[in-house]
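What follows is the content of work_31.txt, which has compact mmCIF, C-alpha atoms:
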# COMPACT_ATOMS: atom_id res chain seq x y z
CA MET A 1 -38.67 -34.35 -10.20
CA GLY A 2 -41.98 -34.50 -12.08
CA HIS A 3 -43.21 -37.92 -10.97
CA PRO A 4 -42.43 -38.54 -7.29
CA ASP A 5 -45.12 -41.22 -7.13
CA LEU A 6 -43.44 -43.41 -9.74
CA LYS A 7 -40.59 -45.89 -9.45
CA PHE A 8 -38.55 -46.98 -12.44
CA SER A 9 -36.81 -50.19 -13.45
CA LYS A 10 -33.70 -50.84 -15.51
CA ASP A 11 -36.04 -52.52 -18.00
CA HIS A 12 -37.55 -49.08 -18.67
CA THR A 13 -40.88 -49.72 -17.00
CA TRP A 14 -42.47 -47.57 -14.32
CA VAL A 15 -44.70 -48.56 -11.44
CA LYS A 16 -47.14 -46.60 -9.32
CA ILE A 17 -48.11 -48.36 -6.11
CA GLU A 18 -51.26 -47.51 -4.21
CA ASP A 19 -52.90 -49.64 -1.53
CA GLY A 20 -51.31 -52.89 -2.65
CA LYS A 21 -52.09 -52.33 -6.32
CA SER A 22 -49.37 -51.50 -8.83
CA LEU A 23 -50.00 -49.72 -12.10
CA VAL A 24 -47.32 -50.51 -14.69
CA GLY A 25 -46.27 -48.96 -17.98
CA ILE A 26 -43.21 -48.14 -20.05
CA THR A 27 -41.24 -44.98 -19.66
CA ASP A 28 -41.07 -42.01 -21.95
CA TYR A 29 -37.49 -43.00 -22.77
CA ALA A 30 -38.73 -46.46 -23.82
CA GLN A 31 -41.57 -45.23 -26.00
CA ASN A 32 -39.28 -42.75 -27.68
CA GLU A 33 -36.74 -45.45 -28.30
CA LEU A 34 -39.35 -47.86 -29.67
CA GLY A 35 -40.99 -45.40 -32.00
CA ASP A 36 -44.60 -45.76 -33.07
CA VAL A 37 -46.24 -48.53 -31.09
CA VAL A 38 -48.49 -50.66 -33.26
CA PHE A 39 -49.46 -53.51 -30.99
CA ILE A 40 -49.40 -54.65 -27.41
CA GLU A 41 -49.93 -58.16 -26.15
CA PHE A 42 -51.23 -58.46 -22.62
CA PRO A 43 -50.89 -61.20 -20.03
CA ASP A 44 -53.96 -63.09 -18.83
CA ILE A 45 -55.92 -61.67 -15.91
CA GLY A 46 -55.01 -63.73 -12.89
CA GLN A 47 -51.55 -64.56 -14.17
CA GLU A 48 -48.92 -64.62 -11.45
CA LEU A 49 -45.71 -62.73 -11.97
CA SER A 50 -42.46 -62.43 -10.10
CA GLN A 51 -40.39 -59.28 -10.28
CA GLY A 52 -38.57 -59.27 -13.61
CA ASP A 53 -40.87 -61.82 -15.27
CA PRO A 54 -41.98 -61.06 -18.82
CA PHE A 55 -45.60 -59.90 -18.73
CA GLY A 56 -46.27 -58.76 -22.24
CA VAL A 57 -44.95 -57.93 -25.65
CA ILE A 58 -44.91 -54.60 -27.41
CA GLU A 59 -44.41 -54.16 -31.13
CA SER A 60 -43.35 -50.92 -32.70
CA VAL A 61 -42.33 -50.05 -36.22
CA LYS A 62 -38.76 -50.82 -35.19
CA ALA A 63 -38.92 -54.06 -33.19
CA VAL A 64 -40.86 -56.47 -31.01
CA SER A 65 -39.85 -56.13 -27.38
CA ASP A 66 -40.60 -58.10 -24.23
CA LEU A 67 -41.94 -56.22 -21.21
CA HIS A 68 -40.73 -57.15 -17.72
CA ALA A 69 -42.59 -56.72 -14.45
CA PRO A 70 -41.06 -54.12 -12.12
CA VAL A 71 -42.86 -55.79 -9.22
CA GLY A 72 -44.46 -59.18 -8.78
CA GLY A 73 -48.03 -60.09 -8.02
CA THR A 74 -51.23 -61.15 -9.76
CA VAL A 75 -52.38 -59.44 -12.93
CA ALA A 76 -55.63 -57.68 -12.00
CA GLU A 77 -56.37 -55.46 -14.97
CA ILE A 78 -55.21 -54.64 -18.47
CA ASN A 79 -55.62 -51.31 -20.23
CA GLU A 80 -58.04 -52.35 -22.93
CA GLU A 81 -57.95 -48.93 -24.53
CA LEU A 82 -54.51 -49.80 -25.84
CA GLN A 83 -55.91 -52.63 -27.94
CA ASP A 84 -57.54 -50.23 -30.35
CA ALA A 85 -55.22 -47.31 -29.74
CA PRO A 86 -51.70 -48.54 -28.92
CA GLU A 87 -50.40 -45.09 -29.88
CA ILE A 88 -51.55 -43.84 -26.46
CA ILE A 89 -48.35 -45.43 -25.15
CA ASN A 90 -46.40 -42.96 -27.29
CA SER A 91 -48.50 -39.90 -26.51
CA ASP A 92 -48.99 -40.46 -22.77
CA PRO A 93 -46.74 -43.28 -21.52
CA LEU A 94 -46.84 -42.35 -17.83
CA GLU A 95 -50.58 -41.98 -17.30
CA LYS A 96 -53.14 -42.96 -19.92
CA GLY A 97 -50.59 -45.36 -21.42
CA TRP A 98 -50.53 -47.63 -18.34
CA ILE A 99 -50.44 -51.23 -19.48
CA ILE A 100 -51.39 -53.52 -16.60
CA ALA A 101 -52.40 -53.34 -12.95
CA ILE A 102 -50.94 -55.91 -10.58
CA GLU A 103 -52.21 -56.92 -7.14
CA SER A 104 -48.77 -56.69 -5.61
CA GLY A 105 -49.53 -56.61 -1.88
CA ASP A 106 -46.64 -55.28 0.17
CA ALA A 107 -44.04 -54.52 -2.50
CA SER A 108 -41.75 -52.50 -0.22
CA GLU A 109 -38.87 -54.97 -0.50
CA GLN A 110 -39.13 -55.13 -4.28
CA VAL A 111 -39.29 -51.37 -4.59
CA LYS A 112 -35.83 -51.11 -3.01
CA SER A 113 -34.35 -52.37 -6.28
CA LEU A 114 -36.18 -49.72 -8.32
CA MET A 115 -35.13 -46.14 -8.99
CA ASP A 116 -36.75 -42.80 -8.38
CA GLU A 117 -37.09 -40.51 -11.37
CA ASP A 118 -33.82 -38.63 -10.92
CA ASP A 119 -31.81 -41.82 -10.69
CA TYR A 120 -33.65 -43.26 -13.68
CA ILE A 121 -32.83 -40.19 -15.75
CA LYS A 122 -29.15 -40.57 -14.80
CA TYR A 123 -29.39 -44.25 -15.70
CA THR A 124 -30.75 -43.49 -19.17
CA GLU A 125 -28.07 -40.85 -19.69
CA GLU A 126 -25.43 -43.45 -18.86
CA GLU A 127 -27.09 -45.94 -21.23
CA SER A 128 -27.05 -43.39 -24.01
CA LYS A 129 -23.30 -42.75 -23.80
CA MET B 1 -37.97 -70.44 -35.70
CA ALA B 2 -37.75 -72.78 -32.74
CA VAL B 3 -33.98 -72.89 -32.94
CA ASP B 4 -33.75 -69.10 -33.06
CA GLU B 5 -36.08 -68.70 -30.12
CA ALA B 6 -34.33 -71.40 -28.09
CA LEU B 7 -30.97 -69.69 -28.59
CA ALA B 8 -32.50 -66.40 -27.47
CA LEU B 9 -34.38 -67.82 -24.47
CA LEU B 10 -31.31 -69.66 -23.22
CA ALA B 11 -28.99 -66.71 -23.63
CA PRO B 12 -27.52 -65.99 -20.23
CA ALA B 13 -27.97 -62.73 -18.35
CA SER B 14 -24.23 -62.25 -18.38
CA GLU B 15 -22.20 -61.46 -21.45
CA PHE B 16 -21.97 -64.27 -24.00
CA ALA B 17 -20.47 -64.76 -27.43
CA PRO B 18 -22.94 -63.70 -30.14
CA THR B 19 -24.29 -66.40 -32.42
CA LEU B 20 -24.67 -66.13 -36.17
CA ARG B 21 -26.96 -68.81 -37.57
CA ILE B 22 -27.20 -69.42 -41.30
CA TYR B 23 -29.69 -71.82 -42.83
CA ARG B 24 -32.08 -72.46 -45.66
CA TRP B 25 -35.48 -74.08 -45.97
CA SER B 26 -35.97 -77.62 -47.24
CA ALA B 27 -38.97 -76.35 -49.23
CA PRO B 28 -40.32 -72.86 -49.94
CA ALA B 29 -42.05 -71.39 -46.91
CA VAL B 30 -43.56 -68.15 -45.68
CA THR B 31 -42.87 -66.62 -42.31
CA ILE B 32 -45.15 -63.91 -40.99
CA GLY B 33 -44.39 -61.27 -38.37
CA TYR B 34 -45.24 -61.67 -34.71
CA ASN B 35 -48.43 -59.70 -34.89
CA GLN B 36 -49.28 -60.03 -38.55
CA ALA B 37 -52.73 -61.37 -39.35
CA LEU B 38 -52.40 -64.46 -41.49
CA ALA B 39 -55.43 -63.41 -43.47
CA GLN B 40 -53.84 -60.11 -44.30
CA GLY B 41 -51.97 -60.26 -47.53
CA VAL B 42 -50.80 -63.88 -47.65
CA ASP B 43 -52.73 -66.20 -49.95
CA ALA B 44 -52.99 -69.08 -47.50
CA GLY B 45 -55.01 -71.16 -49.94
CA TYR B 46 -52.34 -70.92 -52.61
CA CYS B 47 -49.66 -71.73 -50.07
CA ARG B 48 -51.58 -74.77 -48.89
CA ALA B 49 -52.08 -76.00 -52.46
CA GLN B 50 -48.39 -75.58 -53.22
CA GLY B 51 -47.23 -77.19 -49.99
CA ILE B 52 -45.75 -73.89 -48.78
CA ASP B 53 -45.70 -73.91 -44.98
CA ILE B 54 -46.58 -70.74 -43.13
CA VAL B 55 -45.03 -70.11 -39.73
CA ARG B 56 -45.21 -67.13 -37.42
CA ARG B 57 -41.91 -65.61 -36.33
CA PRO B 58 -41.02 -64.41 -32.85
CA THR B 59 -39.80 -61.19 -34.48
CA GLY B 60 -41.98 -58.45 -35.87
CA GLY B 61 -42.37 -57.07 -39.33
CA ARG B 62 -44.11 -58.50 -42.33
CA ALA B 63 -44.34 -61.69 -44.33
CA VAL B 64 -41.27 -63.14 -46.02
CA TYR B 65 -41.35 -65.72 -48.79
CA HIS B 66 -38.38 -68.02 -48.22
CA ASN B 67 -37.23 -69.39 -51.54
CA GLN B 68 -33.91 -68.96 -53.32
CA GLU B 69 -32.52 -67.19 -50.32
CA LEU B 70 -30.29 -67.51 -47.34
CA THR B 71 -31.94 -67.10 -43.96
CA TYR B 72 -29.94 -65.78 -41.07
CA SER B 73 -30.37 -65.05 -37.42
CA VAL B 74 -28.11 -63.24 -35.01
CA ILE B 75 -28.41 -63.58 -31.25
CA VAL B 76 -26.43 -60.86 -29.53
CA PRO B 77 -26.16 -59.74 -25.90
CA ARG B 78 -27.91 -56.43 -25.36
CA ALA B 79 -24.71 -55.20 -23.73
CA PHE B 80 -23.03 -55.49 -27.14
CA PHE B 81 -25.06 -52.44 -28.11
CA LYS B 82 -24.72 -50.60 -24.82
CA GLY B 83 -25.63 -47.01 -25.36
CA ASP B 84 -27.07 -47.73 -28.76
CA THR B 85 -30.63 -47.17 -29.84
CA ILE B 86 -32.76 -49.76 -31.63
CA LEU B 87 -31.99 -48.14 -34.96
CA ALA B 88 -28.33 -48.05 -34.13
CA SER B 89 -28.35 -51.79 -33.41
CA TYR B 90 -29.76 -52.40 -36.90
CA ARG B 91 -27.08 -50.09 -38.29
CA VAL B 92 -24.29 -51.84 -36.40
CA LEU B 93 -25.35 -55.26 -37.66
CA ALA B 94 -25.75 -53.82 -41.14
CA ARG B 95 -21.98 -53.41 -41.26
CA GLY B 96 -21.70 -57.17 -41.45
CA PHE B 97 -24.10 -57.36 -44.39
CA LEU B 98 -22.50 -54.53 -46.30
CA GLU B 99 -19.13 -56.21 -45.93
CA THR B 100 -20.71 -59.48 -47.10
CA LEU B 101 -22.05 -57.85 -50.24
CA SER B 102 -18.70 -56.22 -50.87
CA LEU B 103 -17.02 -59.62 -50.71
CA LEU B 104 -19.48 -60.82 -53.33
CA GLY B 105 -18.66 -57.89 -55.59
CA VAL B 106 -21.82 -55.93 -54.88
CA THR B 107 -22.09 -52.39 -53.56
CA GLY B 108 -24.65 -52.47 -50.80
CA GLU B 109 -26.44 -49.55 -49.25
CA LEU B 110 -28.41 -48.80 -46.11
CA ILE B 111 -32.07 -48.04 -46.61
CA THR B 112 -32.72 -44.93 -44.53
CA PRO B 113 -35.49 -44.89 -41.95
CA SER B 114 -37.39 -41.86 -43.24
CA ALA B 115 -39.64 -43.82 -45.59
CA SER B 116 -40.55 -46.33 -42.92
CA ARG B 117 -42.77 -43.98 -40.97
CA LYS B 118 -45.25 -43.86 -43.82
CA SER B 119 -45.68 -47.58 -43.93
CA ARG B 120 -46.64 -48.12 -40.31
CA ASN B 121 -49.38 -50.63 -39.75
CA ARG B 122 -51.74 -50.23 -36.87
CA THR B 123 -53.63 -53.22 -35.70
CA LYS B 124 -56.62 -53.90 -33.64
CA LYS B 125 -56.65 -56.94 -31.41
CA ASP B 126 -55.70 -59.57 -33.84
CA ARG B 127 -56.29 -63.18 -33.14
CA GLY B 128 -57.18 -65.44 -36.03
CA GLY B 129 -57.40 -62.66 -38.58
CA GLY B 130 -58.99 -59.74 -36.80
CA LYS B 131 -59.55 -56.33 -38.26
CA ARG B 132 -56.51 -54.38 -39.24
CA LYS B 133 -56.64 -50.65 -38.89
CA GLY B 134 -54.77 -48.79 -41.61
CA ALA B 135 -53.68 -52.03 -43.26
CA GLY B 136 -50.48 -51.55 -45.20
CA GLN B 137 -48.01 -53.62 -47.06
CA PRO B 138 -48.07 -57.30 -45.97
CA ALA B 139 -44.79 -58.28 -47.61
CA CYS B 140 -41.52 -57.50 -45.90
CA PHE B 141 -39.53 -56.86 -49.04
CA LEU B 142 -42.13 -54.53 -50.48
CA ALA B 143 -42.16 -52.16 -47.53
CA PRO B 144 -39.47 -49.59 -46.84
CA SER B 145 -37.91 -50.09 -43.46
CA MET B 146 -35.09 -48.89 -41.37
CA TYR B 147 -31.41 -49.64 -41.87
CA GLU B 148 -32.10 -52.58 -44.05
CA ILE B 149 -29.90 -53.45 -46.94
CA GLY B 150 -30.37 -52.60 -50.56
CA ALA B 151 -28.39 -52.83 -53.74
CA GLY B 152 -29.01 -50.81 -56.84
CA GLY B 153 -31.78 -48.97 -55.03
CA ARG B 154 -33.76 -52.13 -54.23
CA LYS B 155 -34.06 -54.17 -51.06
CA ILE B 156 -31.96 -57.32 -50.93
CA ILE B 157 -31.85 -58.19 -47.22
CA GLY B 158 -34.89 -57.83 -44.96
CA SER B 159 -34.55 -58.03 -41.18
CA ALA B 160 -36.61 -57.83 -38.00
CA GLN B 161 -35.76 -57.81 -34.30
CA ARG B 162 -37.11 -59.25 -31.11
CA ARG B 163 -35.62 -57.70 -27.98
CA TYR B 164 -35.50 -59.96 -24.95
CA ARG B 165 -34.31 -58.92 -21.52
CA TYR B 166 -30.67 -59.90 -22.05
CA CYS B 167 -30.34 -60.39 -25.78
CA ILE B 168 -31.50 -59.30 -29.17
CA LEU B 169 -32.63 -61.72 -31.83
CA GLN B 170 -32.44 -60.39 -35.36
CA GLN B 171 -33.85 -62.60 -38.09
CA GLY B 172 -33.53 -61.92 -41.76
CA SER B 173 -33.68 -63.06 -45.35
CA PHE B 174 -30.96 -62.51 -47.95
CA LEU B 175 -32.37 -62.93 -51.46
CA LEU B 176 -30.14 -64.92 -53.79
CA ASP B 177 -32.67 -64.71 -56.59
CA VAL B 178 -36.37 -63.96 -56.96
CA ASP B 179 -38.96 -66.37 -58.34
CA TRP B 180 -41.31 -63.61 -59.38
CA GLU B 181 -44.21 -65.79 -60.37
CA CYS B 182 -44.39 -67.48 -56.99
CA PHE B 183 -43.39 -64.39 -55.04
CA LEU B 184 -46.31 -62.44 -56.43
CA ARG B 185 -48.71 -65.31 -56.14
CA VAL B 186 -48.00 -65.77 -52.42
CA PHE B 187 -48.95 -62.19 -51.59
CA THR B 188 -52.53 -61.57 -52.58
CA ASN B 189 -52.37 -57.87 -53.37
CA HIS B 190 -49.29 -58.22 -55.55
CA GLN B 191 -51.07 -60.26 -58.07
CA LYS B 192 -52.21 -56.87 -59.27
CA LYS B 193 -49.07 -54.91 -58.52
CA GLY B 194 -46.29 -57.02 -59.94
CA GLY B 195 -44.62 -54.18 -61.77
CA ARG B 196 -43.92 -52.19 -58.64
CA ALA B 197 -42.43 -55.16 -56.87
CA HIS B 198 -39.71 -55.43 -59.52
CA ASN B 199 -38.66 -51.88 -58.67
CA MET B 200 -38.43 -52.57 -54.95
CA VAL B 201 -36.80 -55.96 -54.62
CA THR B 202 -33.73 -57.60 -56.06
CA GLY B 203 -31.72 -60.76 -55.62
CA LEU B 204 -27.99 -61.34 -55.57
CA ALA B 205 -27.99 -62.95 -59.02
CA GLU B 206 -29.28 -59.74 -60.56
CA VAL B 207 -27.00 -57.24 -58.83
CA ALA B 208 -23.91 -59.44 -59.01
CA ASP B 209 -24.73 -60.35 -62.59
CA ARG B 210 -23.94 -63.99 -61.88
CA LYS B 211 -25.54 -66.90 -60.09
CA ILE B 212 -24.35 -67.06 -56.49
CA GLY B 213 -25.35 -70.20 -54.64
CA TYR B 214 -26.22 -70.68 -51.01
CA GLN B 215 -22.82 -72.04 -49.98
CA GLU B 216 -20.88 -69.17 -51.51
CA ALA B 217 -23.27 -66.64 -49.94
CA ALA B 218 -22.98 -68.35 -46.56
CA ARG B 219 -19.19 -68.30 -46.66
CA ALA B 220 -19.29 -64.62 -47.61
CA LEU B 221 -21.67 -63.86 -44.75
CA ILE B 222 -19.40 -65.52 -42.21
CA LYS B 223 -16.34 -63.72 -43.58
CA GLY B 224 -18.29 -60.45 -43.87
CA PHE B 225 -19.20 -60.47 -40.19
CA GLN B 226 -15.70 -61.54 -39.17
CA ASN B 227 -14.19 -58.67 -41.15
CA ALA B 228 -16.74 -56.08 -40.04
CA PHE B 229 -16.46 -56.87 -36.33
CA GLY B 230 -12.91 -58.16 -36.07
CA VAL B 231 -14.07 -61.53 -34.72
CA ARG B 232 -13.47 -65.18 -35.52
CA PHE B 233 -16.45 -67.51 -35.53
CA ILE B 234 -16.36 -71.00 -34.08
CA GLU B 235 -18.73 -73.46 -35.74
CA ALA B 236 -20.78 -75.37 -33.18
CA GLU B 237 -23.81 -77.61 -32.79
CA LEU B 238 -26.77 -76.97 -30.52
CA THR B 239 -26.21 -78.02 -26.93
CA HIS B 240 -28.35 -80.68 -25.30
CA LYS B 241 -30.30 -78.03 -23.43
CA GLU B 242 -30.89 -76.04 -26.62
CA ARG B 243 -32.10 -79.17 -28.44
CA ASP B 244 -34.57 -79.92 -25.63
CA MET B 245 -35.91 -76.38 -25.76
CA VAL B 246 -36.23 -76.60 -29.56
CA LYS B 247 -38.24 -79.79 -29.23
CA LYS B 248 -40.66 -78.16 -26.77
CA LEU B 249 -41.00 -75.04 -28.88
CA VAL B 250 -41.76 -77.04 -31.99
CA GLN B 251 -44.24 -79.20 -30.13
CA ASP B 252 -46.14 -76.45 -28.33
CA LYS B 253 -45.71 -73.51 -30.60
CA TYR B 254 -44.27 -73.61 -34.09
CA SER B 255 -46.06 -76.69 -35.35
CA SER B 256 -49.34 -75.49 -33.88
CA ALA B 257 -52.02 -73.76 -35.93
CA ASP B 258 -52.98 -71.94 -32.72
CA TRP B 259 -49.66 -70.12 -32.84
CA ASN B 260 -49.18 -69.77 -36.57
CA VAL B 261 -52.73 -68.64 -37.28
CA SER B 262 -53.87 -67.01 -34.05
CA ARG B 263 -50.69 -66.31 -32.10
CA VAL B 264 -51.89 -68.43 -29.16
CA ASN B 265 -48.77 -69.58 -27.36
CA HIS B 266 -49.07 -72.96 -25.67
CA PHE B 267 -45.35 -72.96 -24.89
CA SER B 268 -45.52 -70.07 -22.43
CA SER B 269 -49.07 -70.75 -21.26
CA PRO B 270 -49.62 -74.44 -21.78
CA LYS B 271 -53.20 -75.64 -21.50
CA PRO B 272 -54.43 -79.03 -20.35
CA GLY B 273 -53.80 -81.63 -23.02
CA PHE B 274 -50.47 -80.17 -24.09
CA PRO B 275 -47.32 -82.08 -23.19
CA ASN B 276 -45.80 -79.21 -21.21
CA TYR B 277 -48.94 -78.46 -19.21
CA ASP B 278 -48.15 -78.26 -15.52
CA PRO B 279 -50.90 -76.87 -13.28
CA ASP B 280 -48.34 -75.83 -10.66
CA ARG B 281 -46.01 -74.13 -13.09
CA LYS B 282 -45.59 -70.43 -12.69
CA MET B 283 -45.36 -68.32 -15.79
CA GLY B 284 -41.76 -67.50 -16.34
CA ILE B 285 -41.10 -68.16 -19.94
CA PRO B 286 -41.11 -65.22 -22.33
CA LEU B 287 -44.09 -64.96 -24.62
Kindly transcribe the structure held in the file into structure tokens.
Amino acid sequence: MGHPDLKFSKDHTWVKIEDGKSLVGITDYAQNELGDVVFIEFPDIGQELSQGDPFGVIESVKAVSDLHAPVGGTVAEINEELQDAPEIINSDPLEKGWIIAIESGDASEQVKSLMDEDDYIKYTEEESK
Amino acid sequence: MAVDEALALLAPASEFAPTLRIYRWSAPAVTIGYNQALAQGVDAGYCRAQGIDIVRRPTGGRAVYHNQELTYSVIVPRAFFKGDTILASYRVLARGFLETLSLLGVTGELITPSASRKSRNRTKKDRGGGKRKGAGQPACFLAPSMYEIGAGGRKIIGSAQRRYRYCILQQGSFLLDVDWECFLRVFTNHQKKGGRAHNMVTGLAEVADRKIGYQEAARALIKGFQNAFGVRFIEAELTHKERDMVKKLVQDKYSSADWNVSRVNHFSSPKPGFPNYDPDRKMGIPL
């Protein structure tokens, strides 16, 4: 397992939780599926989200797609680098391609519904059948 | 646009019967893609002078001039395409269009995705006509795309998708004929490039070698999808809930210059002064 610090959702987002703050992005499977990302629309800083709420929109050469929060909380930061270089999501979706940071507090209950990397890989293999 | 989005937003999380919506515009109009800068490629001044409305779609892609065409939308559960990729979902739905063309006596073809990679547009933050990095082709029908439908080597149906959590909305335009003078005038850069456009776009009248009206095309589209997917459509009206959602979407979004020009969405993030503003409301509506 290459990313033990990440949890994954069925909506193909990942989350990295540290000290009550959650970094969120889309998975490598998702960016590959989307193709070249050309635009990302962010939520407002301070916006409140529940788990599963739409928090942004991503446009690729293939489609426009809603993004859904793997955990809830308050939007604390957006990755402004992506505004000028959305292609970072394709080249480095799990690190430099993070999209938002959420003040999520104690997300331990919410994390129970997320997957570790191995389970997520199995999930995507099932989806691809 | 509001009707399409309402149908998509109200689609349940569980499986539901897909919807095929067929309509036309009461007057020529232009729709632009979700992220497309209005200032990029569409002659807004000409449109205003001609009374051509411009509205921003919830789906991506480029500008479409809606005139002498049939407009469609399909709202399908994501589970319908379980295991399929985005491109495969376009390809699956394309079966319905190819069958439709066949019923009208036209041999349709899928436009392959290889050419689309060269026409990618990259954008900088784009609100109210911001800079556009690597600006490309503003017009949908003049840009090669993936698994769209051509006839005689030219594009005849253009489509774009929006993927929500539980459903996919695909919107598209099926050209019945092409008013070249207006078509070229609406897109600023094609005032100079009219010749190339003729080689890239066609309408049903040309490939079928006869005039085919909206009603005949609509009937063929319904039958085409029924044949391709082995289904039977039931004609229905919008529900009460759908009509209410449409009203709100029109009010806060699609009739607003903030949305159509700058992609500012007062429906999902209503501000004070807008009818749906509720200071206690938590964001929960898709953008």
>> Residues within 9 Å of range 72-86 of chain A, please, as JSON, numbers by chain. Count all atoms listed in the file; anything in the same chain fewer than 6 positions from it doesn't count.
In response: {"A": [21, 22, 36, 37, 38, 39, 40, 41, 42, 43, 44, 45, 46, 47, 48, 49, 50, 51, 52, 53, 55, 96, 97, 98, 99, 100, 101, 102, 103, 104, 105, 107, 110], "B": [122, 123, 124, 125, 133]}
>> So that I can see what lies close to Ser65 in chain A, please list as a count of residues only the residues with an atom at most 12 Å from it, counting only C-alpha atoms and leaving out residues fewer than 3 positions away in the same chain.
In response: 42
>> Just want the 7 Å neighbourhood of Val106 in chain B, counted on all atoms listed in the file, with same-chain residues fewer than 5 positions away dropped. Output as a PyMOL selection string.
In response: chain B and resi 101+207-208
Selected residues written out with C-alpha atoms, as a short mmCIF file (atom, residue, chain, number, x, y, z; two decimals), in the coordinates of the input:
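Output file out_7.cif follows:
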data_model
loop_
_atom_site.label_atom_id
_atom_site.label_comp_id
_atom_site.auth_asym_id
_atom_site.auth_seq_id
_atom_site.Cartn_x
_atom_site.Cartn_y
_atom_site.Cartn_z
CA LEU B 101 -22.05 -57.85 -50.24
CA VAL B 207 -27.00 -57.24 -58.83
CA ALA B 208 -23.91 -59.44 -59.01
#
Please return the centre and edge lengths, in Å to one decimal, of a box with edges along x, y and z that contains all listed atoms of range 88-107 of chain B, widened by 3 Å on every side, as lines of an AutoDock Vina configuration file.
center_x = -23.4
center_y = -54.4
center_z = -44.5
size_x = 18.7
size_y = 18.8
size_z = 28.2
> In Å to one decimal, how far is CA of Leu6 in chain A from CA of Glu18 in chain A?
Replying inline: 10.4 Å
> Do you have the CA of Ala2 in chain B-CA of Gly224 in chain B distance handy?
Replying inline: 25.6 Å
>> Restricting the calculation to all atoms listed in the file: of A:Asp106, A:Asp66, A:Asp92, A:Asp28, which residue gets closest to chain B?
In response: A:Asp66
> Pick from B:Asp43, B:Leu10, B:Gln50, B:Ile234: nearest to Ile222 in chain B, with all atoms listed in the file counted?
Replying inline: B:Ile234
> Which is closer to Ala228 in chain B than all the others in B:Asp53, B:Glu109, B:Asp258, B:Glu99, using all atoms listed in the file?
Replying inline: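 The closest residue to Ala228 in chain B is B:Glu99.
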>> Report, in Å with one decimal, the straight-line distance from CA of His266 in chain B to CA of Asp252 in chain B.
In response: 5.3 Å
> Nearest to Ser14 in chain B among B:Pro77, B:Gly230, B:Gly41, B:Gly150, with distances taken over only C-alpha atoms: which residue is it?
Replying inline: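 That would be B:Pro77, the residue with the smallest distance to Ser14 in chain B.
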Using all atoms listed in the file, which protein or nucleic acid residues come within 9 Å of Thr124 in chain A? Drop anything in the same chain fewer than 4 positions from it, and give the result as a CSV table (one decimal) with C-alpha atoms, in the frame of the given file.
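Saved file around32.csv follows:
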chain,number,residue,atom,x,y,z
A,10,LYS,CA,-33.7,-50.8,-15.5
A,12,HIS,CA,-37.6,-49.1,-18.7
A,29,TYR,CA,-37.5,-43.0,-22.8
A,119,ASP,CA,-31.8,-41.8,-10.7
A,120,TYR,CA,-33.6,-43.3,-13.7
A,128,SER,CA,-27.0,-43.4,-24.0
A,129,LYS,CA,-23.3,-42.8,-23.8
B,83,GLY,CA,-25.6,-47.0,-25.4
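In terms of minimum interatomic distance to chain A, B:Leu9 ranks closest within B:Leu110, B:Leu184, B:Ala197, B:Leu9, counting all atoms listed in the file.
Considering the residues A:Thr27, A:Asn32, A:Asn90, A:Ser108 and counting all atoms listed in the file, chain B has its shortest atom-to-atom contact with A:Asn32.
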